[in-house]
>>> print(open('run.cif').read())   # mmCIF, C-alpha atoms
data_run
loop_
_atom_site.label_atom_id
_atom_site.label_comp_id
_atom_site.auth_asym_id
_atom_site.auth_seq_id
_atom_site.Cartn_x
_atom_site.Cartn_y
_atom_site.Cartn_z
CA MET A 206 165.18 91.44 60.75
CA ASN A 207 166.96 94.34 59.06
CA ILE A 208 164.36 97.11 59.47
CA ARG A 209 165.27 100.79 59.55
CA ILE A 210 163.27 103.98 60.13
CA ARG A 211 164.61 107.11 58.48
CA LYS A 212 163.53 110.57 57.38
CA MET A 213 161.66 110.73 54.10
CA THR A 214 163.38 112.07 50.99
CA VAL A 215 162.07 113.30 47.64
CA SER A 216 163.22 110.00 46.11
CA ASP A 217 160.57 108.24 48.23
CA LEU A 218 157.79 109.62 46.03
CA GLU A 219 157.56 106.63 43.66
CA PRO A 220 157.48 103.88 46.30
CA LEU A 221 155.21 106.02 48.51
CA TYR A 222 152.83 106.49 45.58
CA LYS A 223 152.90 102.73 44.93
CA LEU A 224 151.88 102.17 48.57
CA LEU A 225 149.28 104.94 48.81
CA SER A 226 147.64 103.93 45.51
CA ASN A 227 147.29 100.30 46.67
CA SER A 228 143.65 99.71 47.64
CA LYS A 229 144.56 96.84 49.98
CA ALA A 230 147.13 98.95 51.88
CA MET A 231 144.64 101.83 52.11
CA GLN A 232 141.53 99.79 52.95
CA TYR A 233 141.16 101.24 56.48
CA LEU A 234 142.58 104.69 55.79
CA GLU A 235 141.32 106.59 52.78
CA ALA A 236 140.58 106.07 49.12
CA PRO A 237 143.76 105.21 47.18
CA TYR A 238 145.80 108.29 46.32
CA THR A 239 146.58 109.76 42.94
CA LYS A 240 150.23 110.59 42.23
CA GLU A 241 149.48 114.26 42.91
CA GLN A 242 147.91 113.42 46.28
CA ALA A 243 150.89 111.21 47.17
CA GLU A 244 153.28 114.05 46.32
CA GLN A 245 151.30 116.51 48.45
CA PHE A 246 151.25 113.99 51.31
CA LEU A 247 155.01 113.47 51.07
CA PHE A 248 155.77 117.18 51.18
CA ARG A 249 153.18 118.01 53.85
CA SER A 250 153.76 115.06 56.17
CA GLY A 251 157.17 113.58 55.40
CA LEU A 252 159.34 116.48 54.31
CA SER A 253 158.01 119.14 56.68
CA GLU A 254 160.29 120.74 59.25
CA THR A 255 158.79 118.49 61.92
CA PRO A 256 157.81 115.33 60.02
CA LEU A 257 154.65 113.41 60.91
CA ILE A 258 155.78 110.27 59.07
CA TYR A 259 159.07 108.46 58.50
CA ALA A 260 160.12 105.93 55.87
CA VAL A 261 160.49 102.26 56.77
CA GLU A 262 163.12 100.22 54.94
CA LYS A 263 163.82 96.52 54.91
CA ASP A 264 167.17 95.59 53.41
CA ASN A 265 167.43 99.17 52.04
CA ASP A 266 164.07 98.97 50.19
CA PHE A 267 161.15 101.28 51.04
CA ILE A 268 158.33 99.10 52.40
CA GLY A 269 156.10 101.69 54.07
CA TYR A 270 156.07 104.40 56.67
CA VAL A 271 155.48 104.96 60.35
CA ILE A 272 153.43 107.69 61.93
CA TYR A 273 155.16 109.38 64.87
CA HIS A 274 154.10 112.85 65.97
CA ASP A 275 152.74 114.81 68.91
CA TYR A 276 149.16 113.85 69.71
CA ASP A 277 148.70 116.17 72.67
CA SER A 278 151.05 117.77 75.20
CA GLU A 279 151.72 114.44 76.98
CA SER A 280 151.51 111.95 74.12
CA VAL A 281 152.71 110.95 70.68
CA GLU A 282 150.61 109.10 68.13
CA ILE A 283 152.17 106.09 66.46
CA GLY A 284 151.07 103.97 63.54
CA TRP A 285 152.30 102.21 60.44
CA VAL A 286 151.34 101.64 56.82
CA LEU A 287 153.20 98.81 55.11
CA GLU A 288 153.16 97.23 51.68
CA PRO A 289 150.72 94.29 51.96
CA SER A 290 153.45 91.82 50.94
CA PHE A 291 155.12 92.63 54.29
CA TRP A 292 152.02 92.07 56.45
CA GLY A 293 152.10 89.23 58.94
CA LEU A 294 155.89 89.14 59.28
CA GLY A 295 156.10 90.88 62.67
CA ILE A 296 157.36 94.14 61.16
CA ALA A 297 154.55 96.30 62.59
CA SER A 298 155.17 94.78 66.02
CA CYS A 299 158.90 95.47 65.74
CA LEU A 300 158.21 99.07 64.68
CA THR A 301 155.75 99.54 67.54
CA SER A 302 158.30 98.36 70.08
CA GLY A 303 160.87 100.84 68.77
CA MET A 304 158.45 103.76 68.70
CA ILE A 305 157.28 103.00 72.26
CA ALA A 306 160.91 103.07 73.43
CA LYS A 307 161.52 106.39 71.65
CA ALA A 308 158.40 107.92 73.21
CA ARG A 309 159.28 106.69 76.70
CA ASN A 310 162.80 108.11 76.36
CA SER A 311 161.09 111.45 75.70
CA GLY A 312 158.80 111.04 78.71
CA LYS A 313 155.72 110.74 76.51
CA GLN A 314 152.68 108.49 76.57
CA VAL A 315 151.79 106.68 73.34
CA VAL A 316 148.49 106.68 71.45
CA ILE A 317 147.27 104.43 68.65
CA GLU A 318 144.10 105.37 66.75
CA CYS A 319 142.40 102.70 64.64
CA LEU A 320 139.06 101.57 63.31
CA PRO A 321 137.30 98.66 65.03
CA GLU A 322 137.88 96.64 61.82
CA GLN A 323 141.67 96.95 62.09
CA LYS A 324 142.06 93.71 64.03
CA SER A 325 145.84 93.49 63.49
CA SER A 326 146.37 96.99 64.90
CA ILE A 327 144.18 96.18 67.90
CA ARG A 328 146.16 92.97 68.54
CA ILE A 329 149.43 94.90 68.47
CA ALA A 330 148.03 97.57 70.82
CA GLU A 331 146.86 94.90 73.26
CA LYS A 332 150.14 92.97 72.98
CA TYR A 333 152.05 96.04 74.19
CA GLY A 334 149.61 96.84 77.00
CA PHE A 335 147.69 99.72 75.46
CA GLN A 336 144.30 100.38 77.06
CA LYS A 337 141.24 101.45 75.10
CA CYS A 338 140.32 104.87 76.44
CA GLY A 339 137.58 106.10 74.13
CA SER A 340 136.80 106.91 70.55
CA ILE A 341 136.76 109.93 68.26
CA ASP A 342 134.97 110.06 64.90
CA GLY A 343 134.64 106.28 64.80
CA LEU A 344 138.32 105.70 65.62
CA MET A 345 139.15 103.76 68.77
CA ILE A 346 141.80 105.40 70.94
CA TYR A 347 144.36 103.18 72.68
CA ARG A 348 146.79 104.70 75.18
CA LEU A 349 149.93 103.40 76.86
#
>>> encode(input="run.cif", output="structure tokens")
Amino acid sequence: MNIRIRKMTVSDLEPLYKLLSNSKAMQYLEAPYTKEQAEQFLFRSGLSETPLIYAVEKDNDFIGYVIYHDYDSESVEIGWVLEPSFWGLGIASCLTSGMIAKARNSGKQVVIECLPEQKSSIRIAEKYGFQKCGSIDGLMIYRL
């Protein structure tokens, strides 16, 4: 599987908007974004000095993004948002494995936050040995 994580660029706006305006992709996150909201999100979260999100490419095409940023002093939060046509292919699992390795190389624990309805995210968390350690604002917190 030819999957790559890279820093976001301004040219990611169109495919990011396509993703963030997709109601299926956003069903557990927020209401679908307008183009203006997608642009603000890109600049605030992807193009900041310390990015919170990174682009995911498959065969050089933008297919989504990963969340990777400090959660607290000992942990990073990870997550993923992918185009629905790429769901169920093992890509989120592959991305999770890579982000866990990166966090461990930095001496950090890893956190995944998700809603109870996000069954796929919960399965991935459990597959990699995350333990449920509480909840905040309706989000379940899994820690590794």
>>> closest_atom_pairs(input="run.cif", of="range 228-303 of chain A", to="range 210-224 of chain A", cutoff="6 Å", atoms="all atoms listed in the file", output="JSON lines")
{"residue": "A:Lys240", "atom": "CA", "partner": "A:Tyr222", "partner_atom": "CA", "distance": 5.9}
{"residue": "A:Ala243", "atom": "CA", "partner": "A:Tyr222", "partner_atom": "CA", "distance": 5.3}
{"residue": "A:Gly251", "atom": "CA", "partner": "A:Met213", "partner_atom": "CA", "distance": 5.5}
{"residue": "A:Tyr259", "atom": "CA", "partner": "A:Lys212", "partner_atom": "CA", "distance": 5.1}
{"residue": "A:Ala260", "atom": "CA", "partner": "A:Arg211", "partner_atom": "CA", "distance": 5.3}
{"residue": "A:Val261", "atom": "CA", "partner": "A:Ile210", "partner_atom": "CA", "distance": 4.7}
{"residue": "A:Glu288", "atom": "CA", "partner": "A:Leu224", "partner_atom": "CA", "distance": 6.0}
>>> residues_near_point(input="run.cif", point="(137.3, 94.6, 57.1)", cutoff="8 Å", atoms="all atoms listed in the file", output="number ranges by chain")
A: 232-233, 322-323
>>> atom_distance(input="run.cif", atom1="CA of Leu300 in chain A", atom2="CA of Ala230 in chain A")
16.9 Å
>>> atom_distance(input="run.cif", atom1="CA of Ser228 in chain A", atom2="CA of Glu331 in chain A")
26.3 Å
>>> residues_near_point(input="run.cif", point="(148.3, 108.3, 73.0)", cutoff="12 Å", atoms="all atoms listed in the file", output="number ranges by chain")
A: 273-284, 304-305, 308-309, 313-319, 330, 335-340, 345-349
>>> closest_residue(input="run.cif", among="A:Ser250, A:Ser290, A:Gln242, A:Thr255", to="Lys229 in chain A", atoms="all atoms listed in the file")
A:Ser290
>>> atom_distance(input="run.cif", atom1="CA of Thr301 in chain A", atom2="CA of Ile268 in chain A")
15.4 Å
>>> axis_aligned_box(input="run.cif", around="range 255-269 of chain A", padding_each_side="5 Å", output="JSON")
{"center_x": 161.0, "center_y": 107.0, "center_z": 56.1, "size_x": 22.8, "size_y": 32.9, "size_z": 21.7}
>>> closest_residue(input="run.cif", among="A:Tyr333, A:Asp342, A:Gly269, A:Ala306", to="Met231 in chain A", atoms="all atoms listed in the file")
A:Gly269
>>> closest_residue(input="run.cif", among="A:Ser311, A:Asn207, A:Ser326, A:Ser253", to="Asp266 in chain A", atoms="only C-alpha atoms")
A:Asn207
>>> resolve_selection(input="run.cif", expression="the PyMOL selection byres ((chain A and resi 264) around 9)", output="short mmCIF file (atom, residue, chain, number, x, y, z; two decimals) with C-alpha atoms, in the coordinates of the input")
data_model
loop_
_atom_site.label_atom_id
_atom_site.label_comp_id
_atom_site.auth_asym_id
_atom_site.auth_seq_id
_atom_site.Cartn_x
_atom_site.Cartn_y
_atom_site.Cartn_z
CA MET A 206 165.18 91.44 60.75
CA ASN A 207 166.96 94.34 59.06
CA ILE A 208 164.36 97.11 59.47
CA ARG A 209 165.27 100.79 59.55
CA GLU A 262 163.12 100.22 54.94
CA LYS A 263 163.82 96.52 54.91
CA ASN A 265 167.43 99.17 52.04
CA ASP A 266 164.07 98.97 50.19
CA PHE A 267 161.15 101.28 51.04
#
>>> closest_residue(input="run.cif", among="A:Asn227, A:Gln245, A:Asn310, A:Ser325", to="Ala297 in chain A", atoms="only C-alpha atoms")
A:Ser325
>>> build_atoms(input="run.cif", residues="range 311-330 of chain A", atoms="N, CA and C atoms", output="PDB file, in the frame of the given file")
ATOM      1  N   SER A 311     161.471 110.039  75.715  1.00  0.00           N
ATOM      2  CA  SER A 311     161.090 111.450  75.700  1.00  0.00           C
ATOM      3  C   SER A 311     160.089 111.794  76.792  1.00  0.00           C
ATOM      4  N   GLY A 312     159.753 110.811  77.632  1.00  0.00           N
ATOM      5  CA  GLY A 312     158.800 111.040  78.710  1.00  0.00           C
ATOM      6  C   GLY A 312     157.361 111.173  78.236  1.00  0.00           C
ATOM      7  N   LYS A 313     157.053 110.605  77.092  1.00  0.00           N
ATOM      8  CA  LYS A 313     155.720 110.740  76.510  1.00  0.00           C
ATOM      9  C   LYS A 313     154.917 109.452  76.629  1.00  0.00           C
ATOM     10  N   GLN A 314     153.599 109.609  76.722  1.00  0.00           N
ATOM     11  CA  GLN A 314     152.680 108.490  76.570  1.00  0.00           C
ATOM     12  C   GLN A 314     152.535 108.209  75.079  1.00  0.00           C
ATOM     13  N   VAL A 315     151.931 107.071  74.742  1.00  0.00           N
ATOM     14  CA  VAL A 315     151.790 106.680  73.340  1.00  0.00           C
ATOM     15  C   VAL A 315     150.322 106.398  73.046  1.00  0.00           C
ATOM     16  N   VAL A 316     149.867 106.864  71.890  1.00  0.00           N
ATOM     17  CA  VAL A 316     148.490 106.680  71.450  1.00  0.00           C
ATOM     18  C   VAL A 316     148.480 105.986  70.093  1.00  0.00           C
ATOM     19  N   ILE A 317     147.565 105.037  69.944  1.00  0.00           N
ATOM     20  CA  ILE A 317     147.270 104.430  68.650  1.00  0.00           C
ATOM     21  C   ILE A 317     145.795 104.672  68.372  1.00  0.00           C
ATOM     22  N   GLU A 318     145.483 105.215  67.198  1.00  0.00           N
ATOM     23  CA  GLU A 318     144.100 105.370  66.750  1.00  0.00           C
ATOM     24  C   GLU A 318     143.854 104.347  65.649  1.00  0.00           C
ATOM     25  N   CYS A 319     142.727 103.643  65.712  1.00  0.00           N
ATOM     26  CA  CYS A 319     142.400 102.700  64.640  1.00  0.00           C
ATOM     27  C   CYS A 319     140.902 102.447  64.600  1.00  0.00           C
ATOM     28  N   LEU A 320     140.460 101.962  63.470  1.00  0.00           N
ATOM     29  CA  LEU A 320     139.060 101.570  63.310  1.00  0.00           C
ATOM     30  C   LEU A 320     138.823 100.230  63.989  1.00  0.00           C
ATOM     31  N   PRO A 321     137.597  99.964  64.421  1.00  0.00           N
ATOM     32  CA  PRO A 321     137.300  98.660  65.030  1.00  0.00           C
ATOM     33  C   PRO A 321     137.619  97.482  64.101  1.00  0.00           C
ATOM     34  N   GLU A 322     137.588  97.703  62.793  1.00  0.00           N
ATOM     35  CA  GLU A 322     137.880  96.640  61.820  1.00  0.00           C
ATOM     36  C   GLU A 322     139.366  96.319  61.703  1.00  0.00           C
ATOM     37  N   GLN A 323     140.221  97.164  62.212  1.00  0.00           N
ATOM     38  CA  GLN A 323     141.670  96.950  62.090  1.00  0.00           C
ATOM     39  C   GLN A 323     142.143  95.987  63.172  1.00  0.00           C
ATOM     40  N   LYS A 324     141.778  94.732  63.018  1.00  0.00           N
ATOM     41  CA  LYS A 324     142.060  93.710  64.030  1.00  0.00           C
ATOM     42  C   LYS A 324     143.548  93.549  64.306  1.00  0.00           C
ATOM     43  N   SER A 325     144.386  93.639  63.278  1.00  0.00           N
ATOM     44  CA  SER A 325     145.840  93.490  63.490  1.00  0.00           C
ATOM     45  C   SER A 325     146.381  94.623  64.350  1.00  0.00           C
ATOM     46  N   SER A 326     145.919  95.843  64.098  1.00  0.00           N
ATOM     47  CA  SER A 326     146.370  96.990  64.900  1.00  0.00           C
ATOM     48  C   SER A 326     145.915  96.848  66.344  1.00  0.00           C
ATOM     49  N   ILE A 327     144.695  96.376  66.540  1.00  0.00           N
ATOM     50  CA  ILE A 327     144.180  96.180  67.900  1.00  0.00           C
ATOM     51  C   ILE A 327     145.003  95.110  68.616  1.00  0.00           C
ATOM     52  N   ARG A 328     145.332  94.020  67.922  1.00  0.00           N
ATOM     53  CA  ARG A 328     146.160  92.970  68.540  1.00  0.00           C
ATOM     54  C   ARG A 328     147.518  93.508  68.964  1.00  0.00           C
ATOM     55  N   ILE A 329     148.121  94.327  68.124  1.00  0.00           N
ATOM     56  CA  ILE A 329     149.430  94.900  68.470  1.00  0.00           C
ATOM     57  C   ILE A 329     149.281  95.828  69.679  1.00  0.00           C
ATOM     58  N   ALA A 330     148.253  96.671  69.681  1.00  0.00           N
ATOM     59  CA  ALA A 330     148.030  97.570  70.820  1.00  0.00           C
ATOM     60  C   ALA A 330     147.876  96.765  72.108  1.00  0.00           C
TER      61      ALA A 330
END
